[in-house]
$ cat upload_9.pdb   # PDB, C-alpha atoms, pLDDT in the B column
MODEL        1
ATOM      1  CA  MET A   1     -19.953   0.897  14.925  1.00 84.00           C
ATOM      2  CA  ALA A   2     -17.416  -1.617  13.635  1.00 92.00           C
ATOM      3  CA  VAL A   3     -18.140  -3.357  10.349  1.00 96.00           C
ATOM      4  CA  LYS A   4     -16.892  -6.432   8.555  1.00 97.00           C
ATOM      5  CA  VAL A   5     -16.373  -6.276   4.821  1.00 97.00           C
ATOM      6  CA  LEU A   6     -16.474  -9.534   2.865  1.00 98.00           C
ATOM      7  CA  ILE A   7     -14.517  -9.367  -0.373  1.00 96.00           C
ATOM      8  CA  LYS A   8     -15.091 -12.300  -2.713  1.00 95.00           C
ATOM      9  CA  ARG A   9     -12.966 -13.159  -5.719  1.00 93.00           C
ATOM     10  CA  THR A  10     -12.831 -16.084  -8.125  1.00 91.00           C
ATOM     11  CA  VAL A  11      -9.205 -16.491  -9.158  1.00 89.00           C
ATOM     12  CA  PRO A  12      -8.497 -18.678 -12.197  1.00 87.00           C
ATOM     13  CA  GLY A  13      -5.707 -21.131 -11.338  1.00 81.00           C
ATOM     14  CA  ASN A  14      -3.346 -19.736 -13.957  1.00 87.00           C
ATOM     15  CA  LYS A  15      -3.716 -16.191 -12.526  1.00 89.00           C
ATOM     16  CA  ALA A  16      -3.030 -16.846  -8.825  1.00 84.00           C
ATOM     17  CA  LYS A  17       0.721 -16.203  -9.112  1.00 88.00           C
ATOM     18  CA  ASP A  18       0.040 -12.770 -10.625  1.00 92.00           C
ATOM     19  CA  LEU A  19      -2.745 -11.849  -8.218  1.00 89.00           C
ATOM     20  CA  ILE A  20      -1.319 -12.842  -4.840  1.00 86.00           C
ATOM     21  CA  PRO A  21       1.336 -10.059  -4.870  1.00 93.00           C
ATOM     22  CA  LEU A  22      -1.427  -7.542  -5.649  1.00 94.00           C
ATOM     23  CA  PHE A  23      -3.510  -8.876  -2.742  1.00 90.00           C
ATOM     24  CA  ARG A  24      -0.499  -8.467  -0.452  1.00 92.00           C
ATOM     25  CA  LYS A  25       0.160  -4.940  -1.695  1.00 95.00           C
ATOM     26  CA  MET A  26      -3.485  -4.029  -1.098  1.00 94.00           C
ATOM     27  CA  ARG A  27      -3.329  -5.385   2.467  1.00 93.00           C
ATOM     28  CA  GLY A  28      -0.079  -3.514   3.103  1.00 94.00           C
ATOM     29  CA  LEU A  29      -1.727  -0.240   2.149  1.00 95.00           C
ATOM     30  CA  ALA A  30      -4.966  -1.001   4.010  1.00 95.00           C
ATOM     31  CA  VAL A  31      -3.273  -1.490   7.382  1.00 96.00           C
ATOM     32  CA  ASN A  32      -2.224   2.170   7.333  1.00 95.00           C
ATOM     33  CA  GLN A  33      -5.709   3.515   6.625  1.00 97.00           C
ATOM     34  CA  PRO A  34      -7.697   5.335   9.307  1.00 97.00           C
ATOM     35  CA  GLY A  35     -10.232   2.976  10.862  1.00 97.00           C
ATOM     36  CA  TYR A  36      -8.614  -0.262   9.701  1.00 97.00           C
ATOM     37  CA  ILE A  37      -8.682  -2.915  12.428  1.00 97.00           C
ATOM     38  CA  SER A  38      -7.774  -6.231  10.829  1.00 96.00           C
ATOM     39  CA  GLY A  39      -8.002  -8.449   7.799  1.00 94.00           C
ATOM     40  CA  GLU A  40      -7.581 -12.041   6.790  1.00 93.00           C
ATOM     41  CA  THR A  41      -7.510 -13.833   3.465  1.00 91.00           C
ATOM     42  CA  LEU A  42      -9.069 -17.257   3.118  1.00 93.00           C
ATOM     43  CA  ARG A  43      -8.925 -19.733   0.242  1.00 92.00           C
ATOM     44  CA  SER A  44     -11.589 -22.397  -0.128  1.00 95.00           C
ATOM     45  CA  LEU A  45     -10.479 -25.983   0.361  1.00 96.00           C
ATOM     46  CA  ASP A  46     -13.373 -27.255  -1.759  1.00 97.00           C
ATOM     47  CA  SER A  47     -12.979 -24.648  -4.524  1.00 94.00           C
ATOM     48  CA  PRO A  48      -9.362 -23.373  -4.477  1.00 90.00           C
ATOM     49  CA  GLU A  49     -10.175 -20.652  -7.009  1.00 89.00           C
ATOM     50  CA  GLN A  50     -12.454 -18.989  -4.429  1.00 92.00           C
ATOM     51  CA  PHE A  51     -10.848 -16.359  -2.172  1.00 91.00           C
ATOM     52  CA  LEU A  52     -12.552 -14.529   0.681  1.00 95.00           C
ATOM     53  CA  VAL A  53     -11.055 -11.515   2.438  1.00 95.00           C
ATOM     54  CA  ILE A  54     -12.632 -10.523   5.748  1.00 97.00           C
ATOM     55  CA  SER A  55     -11.706  -6.962   6.610  1.00 96.00           C
ATOM     56  CA  THR A  56     -12.718  -5.230   9.859  1.00 97.00           C
ATOM     57  CA  TRP A  57     -13.131  -1.456  10.071  1.00 97.00           C
ATOM     58  CA  GLN A  58     -14.095   0.892  12.893  1.00 96.00           C
ATOM     59  CA  ALA A  59     -16.906   2.379  10.788  1.00 95.00           C
ATOM     60  CA  SER A  60     -18.438   1.917   7.347  1.00 94.00           C
ATOM     61  CA  ASP A  61     -17.284   5.434   6.427  1.00 96.00           C
ATOM     62  CA  ASP A  62     -13.667   4.360   7.004  1.00 97.00           C
ATOM     63  CA  TRP A  63     -14.133   1.480   4.553  1.00 96.00           C
ATOM     64  CA  LYS A  64     -15.917   3.706   2.030  1.00 96.00           C
ATOM     65  CA  LYS A  65     -13.052   6.219   2.058  1.00 97.00           C
ATOM     66  CA  TRP A  66     -10.515   3.438   1.520  1.00 97.00           C
ATOM     67  CA  VAL A  67     -12.479   1.733  -1.263  1.00 95.00           C
ATOM     68  CA  ALA A  68     -12.866   5.068  -3.070  1.00 96.00           C
ATOM     69  CA  SER A  69      -9.200   6.070  -2.724  1.00 96.00           C
ATOM     70  CA  GLU A  70      -7.095   6.435  -5.860  1.00 96.00           C
ATOM     71  CA  GLU A  71      -4.282   4.179  -4.602  1.00 95.00           C
ATOM     72  CA  ARG A  72      -6.727   1.361  -3.912  1.00 96.00           C
ATOM     73  CA  ARG A  73      -8.617   1.792  -7.168  1.00 96.00           C
ATOM     74  CA  GLU A  74      -5.384   1.497  -9.153  1.00 96.00           C
ATOM     75  CA  ILE A  75      -4.580  -1.873  -7.590  1.00 96.00           C
ATOM     76  CA  GLN A  76      -8.200  -3.032  -7.755  1.00 95.00           C
ATOM     77  CA  ASP A  77      -8.342  -2.239 -11.475  1.00 95.00           C
ATOM     78  CA  LYS A  78      -5.289  -4.466 -12.032  1.00 95.00           C
ATOM     79  CA  ILE A  79      -6.886  -7.235  -9.966  1.00 94.00           C
ATOM     80  CA  ASP A  80     -10.185  -7.064 -11.833  1.00 93.00           C
ATOM     81  CA  SER A  81      -8.367  -7.005 -15.159  1.00 93.00           C
ATOM     82  CA  LEU A  82      -6.513 -10.215 -14.286  1.00 93.00           C
ATOM     83  CA  LEU A  83      -9.695 -11.790 -12.917  1.00 91.00           C
ATOM     84  CA  GLY A  84     -11.643 -10.931 -16.044  1.00 88.00           C
ATOM     85  CA  GLY A  85     -14.499  -9.710 -13.829  1.00 85.00           C
ATOM     86  CA  LYS A  86     -15.442  -7.614 -10.845  1.00 87.00           C
ATOM     87  CA  THR A  87     -14.676  -8.208  -7.192  1.00 91.00           C
ATOM     88  CA  GLU A  88     -17.762  -8.587  -4.973  1.00 93.00           C
ATOM     89  CA  TYR A  89     -18.163  -6.655  -1.705  1.00 95.00           C
ATOM     90  CA  GLU A  90     -20.610  -7.008   1.175  1.00 96.00           C
ATOM     91  CA  ILE A  91     -20.593  -4.895   4.348  1.00 96.00           C
ATOM     92  CA  PHE A  92     -21.954  -6.281   7.619  1.00 94.00           C
ATOM     93  CA  HIS A  93     -22.356  -4.678  11.018  1.00 90.00           C
ATOM     94  CA  TYR A  94     -22.500  -6.393  14.397  1.00 84.00           C
ATOM     95  CA  GLY A  95     -25.703  -7.347  16.147  1.00 77.00           C
ATOM     96  CA  PHE A  96     -29.327  -6.733  15.418  1.00 70.00           C
ATOM     97  CA  THR A  97     -29.443  -2.921  15.581  1.00 64.00           C
ATOM     98  CA  GLU A  98     -29.673  -0.708  12.532  1.00 58.00           C
TER      99      GLU A  98
ENDMDL
END

$ encode --input "upload_9.pdb" --output "structure tokens"
Amino acid sequence: MAVKVLIKRTVPGNKAKDLIPLFRKMRGLAVNQPGYISGETLRSLDSPEQFLVISTWQASDDWKKWVASEERREIQDKIDSLLGGKTEYEIFHYGFTE
């Protein structure tokens, strides 16, 4: 069953220039992962430091393999270091079934 992963980050204004290339690199690697369907990055109009990535995967296991991969963790560690905190993740599935 397809899942949506919401990735939330608060990006201090002075760090955006350093982080955006890392976000792009992460997306570039993700598109080649098994089970990846799509992704989009949104920036809040009301709070420009708030970023939301919506990533769609064929199955939660596909996402879990990607999030645990060494290549992703290396980039994510750089992102979190620049953010001064941790990135938040939430996984959602479609519909009302379990």

$ resolve_selection --input "upload_9.pdb" --expression "the PyMOL selection byres ((chain A and resi 19) around 12)" --output "list of chain:residue names"
A:Arg9, A:Thr10, A:Val11, A:Pro12, A:Gly13, A:Asn14, A:Lys15, A:Ala16, A:Lys17, A:Asp18, A:Ile20, A:Pro21, A:Leu22, A:Phe23, A:Arg24, A:Lys25, A:Met26, A:Glu49, A:Phe51, A:Ile75, A:Gln76, A:Asp77, A:Lys78, A:Ile79, A:Asp80, A:Ser81, A:Leu82, A:Leu83, A:Gly84

$ residues_near_point --input "upload_9.pdb" --point "(-11.4, -3.9, -2.7)" --cutoff "8 Å" --atoms "all atoms listed in the file" --output "VMD selection string"
chain A and resid 7 67 72 to 73 76 87 89

$ write_last_selection --input "upload_9.pdb" --atoms "C-alpha atoms" --output "PDB file, in the frame of the given file"
ATOM      1  CA  ILE A   7     -14.517  -9.367  -0.373  1.00 96.00           C
ATOM      2  CA  VAL A  67     -12.479   1.733  -1.263  1.00 95.00           C
ATOM      3  CA  ARG A  72      -6.727   1.361  -3.912  1.00 96.00           C
ATOM      4  CA  ARG A  73      -8.617   1.792  -7.168  1.00 96.00           C
ATOM      5  CA  GLN A  76      -8.200  -3.032  -7.755  1.00 95.00           C
ATOM      6  CA  THR A  87     -14.676  -8.208  -7.192  1.00 91.00           C
ATOM      7  CA  TYR A  89     -18.163  -6.655  -1.705  1.00 95.00           C
TER       8      TYR A  89
END

$ resolve_selection --input "upload_9.pdb" --expression "the PyMOL selection byres ((chain A and resi 35-37) around 8)" --output "ChimeraX atom specification"
/A:30-34,38-39,55-59,62-63

$ atom_distance --input "upload_9.pdb" --atom1 "CA of Ser69 in chain A" --atom2 "CA of Arg43 in chain A"
26.0 Å

$ closest_residue --input "upload_9.pdb" --among "A:Leu45, A:Val5, A:Ala68, A:Leu52" --to "Phe92 in chain A" --atoms "all atoms listed in the file"
A:Val5

$ atom_distance --input "upload_9.pdb" --atom1 "CA of Gly28 in chain A" --atom2 "CA of Val53 in chain A"
13.6 Å

$ closest_residue --input "upload_9.pdb" --among "A:Lys86, A:Glu40, A:Tyr94, A:Lys8" --to "Ser60 in chain A" --atoms "all atoms listed in the file"
A:Tyr94

$ closest_residue --input "upload_9.pdb" --among "A:Leu29, A:Leu6, A:Met1, A:Leu42" --to "Ile54 in chain A" --atoms "only C-alpha atoms"
A:Leu6

$ closest_residue --input "upload_9.pdb" --among "A:Glu88, A:Glu70, A:Lys64, A:Ser47" --to "Val3 in chain A" --atoms "only C-alpha atoms"
A:Lys64

$ axis_aligned_box --input "upload_9.pdb" --around "range 67-74 of chain A" --padding-each-side "3 Å" --output "AutoDock Vina command-line options"
--center_x -8.6 --center_y 3.9 --center_z -5.2 --size_x 14.6 --size_y 11.1 --size_z 13.9

$ decode --input "upload_9.pdb" --residues "range 14-44 of chain A" --atoms "N, CA and C atoms" --output "PDB file, in the first residue's frame"
ATOM      1  N   ASN A  14      19.403  32.189   8.149  1.00  0.00           N
ATOM      2  CA  ASN A  14      20.807  32.288   7.762  1.00  0.00           C
ATOM      3  C   ASN A  14      21.389  30.952   7.305  1.00  0.00           C
ATOM      4  N   LYS A  15      20.625  29.866   7.407  1.00  0.00           N
ATOM      5  CA  LYS A  15      21.114  28.532   7.022  1.00  0.00           C
ATOM      6  C   LYS A  15      20.510  28.026   5.714  1.00  0.00           C
ATOM      7  N   ALA A  16      19.502  28.709   5.197  1.00  0.00           N
ATOM      8  CA  ALA A  16      18.795  28.213   4.002  1.00  0.00           C
ATOM      9  C   ALA A  16      19.735  28.015   2.823  1.00  0.00           C
ATOM     10  N   LYS A  17      20.654  28.938   2.591  1.00  0.00           N
ATOM     11  CA  LYS A  17      21.568  28.815   1.449  1.00  0.00           C
ATOM     12  C   LYS A  17      22.429  27.566   1.541  1.00  0.00           C
ATOM     13  N   ASP A  18      22.779  27.155   2.753  1.00  0.00           N
ATOM     14  CA  ASP A  18      23.599  25.956   2.945  1.00  0.00           C
ATOM     15  C   ASP A  18      22.771  24.681   2.864  1.00  0.00           C
ATOM     16  N   LEU A  19      21.509  24.771   3.259  1.00  0.00           N
ATOM     17  CA  LEU A  19      20.666  23.579   3.331  1.00  0.00           C
ATOM     18  C   LEU A  19      20.001  23.215   2.012  1.00  0.00           C
ATOM     19  N   ILE A  20      19.611  24.181   1.227  1.00  0.00           N
ATOM     20  CA  ILE A  20      18.877  23.881  -0.007  1.00  0.00           C
ATOM     21  C   ILE A  20      19.659  22.954  -0.940  1.00  0.00           C
ATOM     22  N   PRO A  21      20.977  23.123  -1.123  1.00  0.00           N
ATOM     23  CA  PRO A  21      21.702  22.142  -1.955  1.00  0.00           C
ATOM     24  C   PRO A  21      21.675  20.722  -1.373  1.00  0.00           C
ATOM     25  N   LEU A  22      21.669  20.609  -0.046  1.00  0.00           N
ATOM     26  CA  LEU A  22      21.576  19.283   0.572  1.00  0.00           C
ATOM     27  C   LEU A  22      20.197  18.674   0.340  1.00  0.00           C
ATOM     28  N   PHE A  23      19.144  19.502   0.415  1.00  0.00           N
ATOM     29  CA  PHE A  23      17.796  19.008   0.125  1.00  0.00           C
ATOM     30  C   PHE A  23      17.718  18.497  -1.310  1.00  0.00           C
ATOM     31  N   ARG A  24      18.320  19.236  -2.223  1.00  0.00           N
ATOM     32  CA  ARG A  24      18.297  18.829  -3.642  1.00  0.00           C
ATOM     33  C   ARG A  24      19.079  17.538  -3.868  1.00  0.00           C
ATOM     34  N   LYS A  25      20.210  17.419  -3.194  1.00  0.00           N
ATOM     35  CA  LYS A  25      21.012  16.196  -3.310  1.00  0.00           C
ATOM     36  C   LYS A  25      20.229  15.001  -2.782  1.00  0.00           C
ATOM     37  N   MET A  26      19.555  15.194  -1.646  1.00  0.00           N
ATOM     38  CA  MET A  26      18.752  14.122  -1.062  1.00  0.00           C
ATOM     39  C   MET A  26      17.659  13.692  -2.027  1.00  0.00           C
ATOM     40  N   ARG A  27      16.968  14.648  -2.644  1.00  0.00           N
ATOM     41  CA  ARG A  27      15.903  14.324  -3.595  1.00  0.00           C
ATOM     42  C   ARG A  27      16.484  13.589  -4.796  1.00  0.00           C
ATOM     43  N   GLY A  28      17.634  14.039  -5.282  1.00  0.00           N
ATOM     44  CA  GLY A  28      18.267  13.387  -6.423  1.00  0.00           C
ATOM     45  C   GLY A  28      18.588  11.927  -6.159  1.00  0.00           C
ATOM     46  N   LEU A  29      18.988  11.615  -4.956  1.00  0.00           N
ATOM     47  CA  LEU A  29      19.263  10.221  -4.599  1.00  0.00           C
ATOM     48  C   LEU A  29      17.968   9.435  -4.388  1.00  0.00           C
ATOM     49  N   ALA A  30      16.970  10.085  -3.800  1.00  0.00           N
ATOM     50  CA  ALA A  30      15.708   9.401  -3.494  1.00  0.00           C
ATOM     51  C   ALA A  30      15.010   8.910  -4.757  1.00  0.00           C
ATOM     52  N   VAL A  31      15.047   9.704  -5.817  1.00  0.00           N
ATOM     53  CA  VAL A  31      14.298   9.326  -7.026  1.00  0.00           C
ATOM     54  C   VAL A  31      14.784   8.006  -7.622  1.00  0.00           C
ATOM     55  N   ASN A  32      15.973   7.583  -7.274  1.00  0.00           N
ATOM     56  CA  ASN A  32      16.515   6.327  -7.796  1.00  0.00           C
ATOM     57  C   ASN A  32      16.320   5.148  -6.847  1.00  0.00           C
ATOM     58  N   GLN A  33      15.613   5.366  -5.758  1.00  0.00           N
ATOM     59  CA  GLN A  33      15.405   4.298  -4.778  1.00  0.00           C
ATOM     60  C   GLN A  33      14.214   3.434  -5.157  1.00  0.00           C
ATOM     61  N   PRO A  34      14.304   2.130  -4.909  1.00  0.00           N
ATOM     62  CA  PRO A  34      13.158   1.257  -5.171  1.00  0.00           C
ATOM     63  C   PRO A  34      11.945   1.718  -4.368  1.00  0.00           C
ATOM     64  N   GLY A  35      10.814   1.820  -5.024  1.00  0.00           N
ATOM     65  CA  GLY A  35       9.569   2.186  -4.356  1.00  0.00           C
ATOM     66  C   GLY A  35       9.270   3.671  -4.321  1.00  0.00           C
ATOM     67  N   TYR A  36      10.223   4.507  -4.715  1.00  0.00           N
ATOM     68  CA  TYR A  36       9.979   5.948  -4.715  1.00  0.00           C
ATOM     69  C   TYR A  36       9.004   6.300  -5.831  1.00  0.00           C
ATOM     70  N   ILE A  37       7.988   7.087  -5.507  1.00  0.00           N
ATOM     71  CA  ILE A  37       7.005   7.515  -6.500  1.00  0.00           C
ATOM     72  C   ILE A  37       7.171   8.989  -6.815  1.00  0.00           C
ATOM     73  N   SER A  38       7.146   9.829  -5.796  1.00  0.00           N
ATOM     74  CA  SER A  38       7.238  11.271  -6.040  1.00  0.00           C
ATOM     75  C   SER A  38       7.599  12.009  -4.758  1.00  0.00           C
ATOM     76  N   GLY A  39       7.903  13.281  -4.934  1.00  0.00           N
ATOM     77  CA  GLY A  39       8.183  14.130  -3.786  1.00  0.00           C
ATOM     78  C   GLY A  39       8.015  15.583  -4.161  1.00  0.00           C
ATOM     79  N   GLU A  40       7.697  16.381  -3.171  1.00  0.00           N
ATOM     80  CA  GLU A  40       7.607  17.816  -3.370  1.00  0.00           C
ATOM     81  C   GLU A  40       8.059  18.513  -2.099  1.00  0.00           C
ATOM     82  N   THR A  41       8.650  19.675  -2.263  1.00  0.00           N
ATOM     83  CA  THR A  41       9.113  20.464  -1.136  1.00  0.00           C
ATOM     84  C   THR A  41       8.303  21.749  -1.094  1.00  0.00           C
ATOM     85  N   LEU A  42       7.765  22.029   0.076  1.00  0.00           N
ATOM     86  CA  LEU A  42       6.945  23.219   0.274  1.00  0.00           C
ATOM     87  C   LEU A  42       7.573  24.104   1.343  1.00  0.00           C
ATOM     88  N   ARG A  43       7.416  25.408   1.172  1.00  0.00           N
ATOM     89  CA  ARG A  43       7.910  26.374   2.155  1.00  0.00           C
ATOM     90  C   ARG A  43       6.722  27.233   2.577  1.00  0.00           C
ATOM     91  N   SER A  44       6.535  27.389   3.852  1.00  0.00           N
ATOM     92  CA  SER A  44       5.397  28.122   4.381  1.00  0.00           C
ATOM     93  C   SER A  44       5.457  29.605   4.011  1.00  0.00           C
TER      94      SER A  44
END
